[in-house]
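Just below is one structure, and these are the notes that go with it.
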Amino acid sequence: MKNLKIGIQKSGRLHDKSIEILKKCGISIDNGKDQLKVAASNFPLEIYYLRNGDIPQYLKDGVIDCAILGENLLIEKAQDLKIQMKLGFSKCKVSMAIPKSKTYNGVKDFDGQQIATSYPNTVQQFLNNNGISADIHIINGSVEIAPNIGLADAICDIVSSGSTLFKNNLKEVEVVLHSEAILAVSPVIDKETQNILDKLSFRIDAVLKAKTSKYILMNVPNDKINHVIKLLPGMKSPTVLPLAESDWSSVHTVIDENDFWEVIDQLKSAGAEGILVAPIEKMIL
């Protein structure tokens with residue numbers, strides 16, 4: 001059987017999360033010191049540790065079959081590559097920022113300005129979409145310092161917490177795009193390797209669904225079960241088991257974390273008692 005070749009960042013904000021999700025998928029990874037390629041011992045997978053900026057080209061060339069990278073990098077360097085799935089972690093924004101001392105009146109303020117960025121294609125598309133003409137200075141690192149040294153009037157860069165902008169006396173004024181980690185696919189992947197990738201994607205999907213779901217158990221009077229069940233989102237049908245105490249049953253189900261507190265309040269009002277909540281390690285649908 002062939003091995004699926006997956007690229008991840010050699011270092012950086014996505015590296016640890018990428019390794020973590022692969023391990024949660026049951027894939028055993030034995031990292032040797034300074035190794036640039038390692039093979040999983042229990043799944044047909046080889047991991048290539050690569051420079052972040054090189055990953056899109058390696059995908060295009062078929063050097064690797066798939067990769068975990070930021071959506072922002074894909075949009076900047078390889079919009080034509082297929083996204084197998086979004087992974088829900090390492091969320092950030094690519095945003096326009098200006099000095100705090102400047103008043104911002106809208107996107108037209110960037111007309112005729114000098115903009116420093118590591119994302120020239122993304123910025124140019126943003127300018128084109130808004131009918132703006134500006135000069136773009138390409139900087140590969142420490143973009144935030146550009147306005148302070150007179151190199152640019154504004155910047156466009158990744159924003160997570162905003163603390164880096166704050167430290168450099170900048171303020172975020174426009175969000176160009178929202179980004180998260182994705183699993184991208186080479187355009188020249190063959191059918192056999194795609195089948196392995198689909199198996200990996202199935203495992204990842206189970207891990208991601210479990211991460212955003214909670215397993216709940218509750219005691220409900222039998223005369224209120226139908227009402228309680230109508231309040232439950234999630235799985236096809238909850239499990240209902242009789243309790244030792246007559247006229248009561250135990251109801252088990254799964255709910256999405258985003259709906260959790262609202263649903264819990266409704267269940268309590270409907271008569272549910274002894275509600276227990278447990279995390280889910282994997283969820284196969």
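Letters A, B, ... go to the chains of the structure tokens in the order shown; residues in each chain start at 1; ligands are counted from 1 in the same order.
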| field | Near-Asn219 in chain A list (12 Å; only C-alpha atoms; drop same-chain fewer than 4 positions) as a list in words | value |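 Listing them by chain and then by number gives Asp223, Lys224, Ile225, Val228, Thr239, Val240, Leu241, Pro242, Leu243, Ala244, Glu245, Ser246, Asp247, Trp248, Ser249, Ser250, Val251, His252, Thr253, Leu267, Lys268, Ala270, Gly271, Ala272, Glu273, Gly274, Ile275 and Leu276 of chain A.
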Residues of range 173-285 of chain A that have any atom at most 12 Å from an atom of range 103-107 of chain A: could you tabulate them with the shortest-distance atom pair and the distance in Å to one decimal, using only C-alpha atoms, ordered by chain and increasing number, as CSV?
```
residue,atom,partner,partner_atom,distance
A:Val173,CA,A:Tyr104,CA,7.3
A:Glu174,CA,A:Val107,CA,7.7
A:Val175,CA,A:Val107,CA,10.7
A:Val176,CA,A:Val107,CA,10.9
```
How about saving the chosen residues, all heavy atoms kept, as a PDB file, in the first residue's frame?
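The resulting again_34.pdb:
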```pdb
ATOM      1  N   VAL A 173      -8.547  48.193  11.573  1.00  0.00           N
ATOM      2  CA  VAL A 173      -9.652  48.986  11.027  1.00  0.00           C
ATOM      3  C   VAL A 173     -10.481  48.238   9.978  1.00  0.00           C
ATOM      4  O   VAL A 173     -11.637  48.591   9.735  1.00  0.00           O
ATOM      5  CB  VAL A 173      -9.144  50.324  10.427  1.00  0.00           C
ATOM      6  CG1 VAL A 173      -8.614  51.238  11.534  1.00  0.00           C
ATOM      7  CG2 VAL A 173      -8.078  50.097   9.360  1.00  0.00           C
ATOM      8  N   GLU A 174      -9.917  47.226   9.334  1.00  0.00           N
ATOM      9  CA  GLU A 174     -10.663  46.450   8.346  1.00  0.00           C
ATOM     10  C   GLU A 174     -10.217  44.989   8.398  1.00  0.00           C
ATOM     11  O   GLU A 174      -9.018  44.704   8.435  1.00  0.00           O
ATOM     12  CB  GLU A 174     -10.433  46.969   6.912  1.00  0.00           C
ATOM     13  CG  GLU A 174     -11.027  48.329   6.620  1.00  0.00           C
ATOM     14  CD  GLU A 174     -12.541  48.297   6.451  1.00  0.00           C
ATOM     15  OE1 GLU A 174     -13.095  47.192   6.224  1.00  0.00           O
ATOM     16  OE2 GLU A 174     -13.164  49.367   6.552  1.00  0.00           O
ATOM     17  N   VAL A 175     -11.180  44.086   8.400  1.00  0.00           N
ATOM     18  CA  VAL A 175     -10.873  42.658   8.297  1.00  0.00           C
ATOM     19  C   VAL A 175     -10.946  42.262   6.827  1.00  0.00           C
ATOM     20  O   VAL A 175     -11.997  42.386   6.195  1.00  0.00           O
ATOM     21  CB  VAL A 175     -11.854  41.804   9.124  1.00  0.00           C
ATOM     22  CG1 VAL A 175     -11.556  40.316   8.931  1.00  0.00           C
ATOM     23  CG2 VAL A 175     -11.771  42.175  10.598  1.00  0.00           C
ATOM     24  N   VAL A 176      -9.818  41.812   6.290  1.00  0.00           N
ATOM     25  CA  VAL A 176      -9.755  41.411   4.880  1.00  0.00           C
ATOM     26  C   VAL A 176     -10.303  39.999   4.698  1.00  0.00           C
ATOM     27  O   VAL A 176     -11.056  39.723   3.764  1.00  0.00           O
ATOM     28  CB  VAL A 176      -8.308  41.504   4.356  1.00  0.00           C
ATOM     29  CG1 VAL A 176      -8.215  41.011   2.917  1.00  0.00           C
ATOM     30  CG2 VAL A 176      -7.804  42.945   4.460  1.00  0.00           C
TER      31      VAL A 176
END
```
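Nearest residue to Asn169 in chain A among A:Pro120, A:Pro147, A:Pro99, A:Pro238 is A:Pro99, counting only C-alpha atoms.
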At a cut-off of 9 Å, using only C-alpha atoms, what residues contact Ile136 in chain A? Leave out same-chain residues fewer than 5 positions from it and give the result as a tab-separated table (two decimals) with N, CA, C and O atoms, in the first residue's frame.
```tsv
chain	number	residue	atom	x	y	z
A	113	GLN	N	-2.11	55.31	-0.51
A	113	GLN	CA	-1.27	55.07	0.66
A	113	GLN	C	-0.20	54.01	0.36
A	113	GLN	O	-0.25	53.29	-0.63
A	114	GLN	N	0.78	53.94	1.27
A	114	GLN	CA	1.81	52.90	1.24
A	114	GLN	C	1.40	51.82	2.26
A	114	GLN	O	1.24	52.11	3.44
A	115	ILE	N	1.23	50.57	1.78
A	115	ILE	CA	0.77	49.49	2.65
A	115	ILE	C	1.84	48.40	2.72
A	115	ILE	O	2.27	47.86	1.69
A	116	ALA	N	2.28	48.09	3.93
A	116	ALA	CA	3.28	47.03	4.14
A	116	ALA	C	2.57	45.73	4.49
A	116	ALA	O	1.63	45.72	5.30
A	117	THR	N	3.03	44.62	3.90
A	117	THR	CA	2.35	43.35	4.15
A	117	THR	C	3.20	42.17	3.70
A	117	THR	O	4.11	42.31	2.87
A	120	PRO	N	0.80	40.20	-0.29
A	120	PRO	CA	0.55	41.15	-1.38
A	120	PRO	C	-0.62	40.78	-2.28
A	120	PRO	O	-1.39	41.66	-2.70
A	123	VAL	N	-3.87	41.48	-0.35
A	123	VAL	CA	-4.11	42.92	-0.25
A	123	VAL	C	-4.53	43.51	-1.60
A	123	VAL	O	-5.46	44.32	-1.68
A	124	GLN	N	-3.86	43.07	-2.67
A	124	GLN	CA	-4.21	43.60	-4.00
A	124	GLN	C	-5.66	43.25	-4.36
A	124	GLN	O	-6.38	44.09	-4.93
A	152	ALA	N	5.69	52.79	5.76
A	152	ALA	CA	4.33	52.61	5.25
A	152	ALA	C	3.34	53.42	6.07
A	152	ALA	O	3.62	53.80	7.23
```
| task | Taking the DSSP assignment computed from this structure's backbone, write out as an MDAnalysis selection string all residues of range 80-185 of chain A that belong to strand (DSSP E). | result | chainID A and resid 82:86 92:99 114:117 135:138 154:159 170:179 181:185
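We find CA of Tyr48 in chain A and CA of Gly7 in chain A to be spaced 4.7 Å apart.
Atom to atom, CA of Asp61 in chain A and CA of Glu20 in chain A stand 26.7 Å apart.
CA of Lys77 in chain A lies 27.6 Å from CA of Ala39 in chain A.
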| task | Would you return as a PyMOL selection string the members of range 15-114 of chain A that DSSP assigns to helix (DSSP H, G or I) on this structure's backbone? | result | chain A and resi 15-24+52-61+71-77+107-110
| message | Here is a test: counting only C-alpha atoms, which residue of A:Asn130, A:Asn226, A:Gln194, A:Gln9 is nearest to Leu69 in chain A? | response |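 Closest to Leu69 in chain A of all the choices is A:Gln9.
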| query | So which one's closest to Ile280 in chain A, A:Thr212, A:Ser237, A:Ser28, A:Gln266? Using only C-alpha atoms, please. | reply | A:Thr212
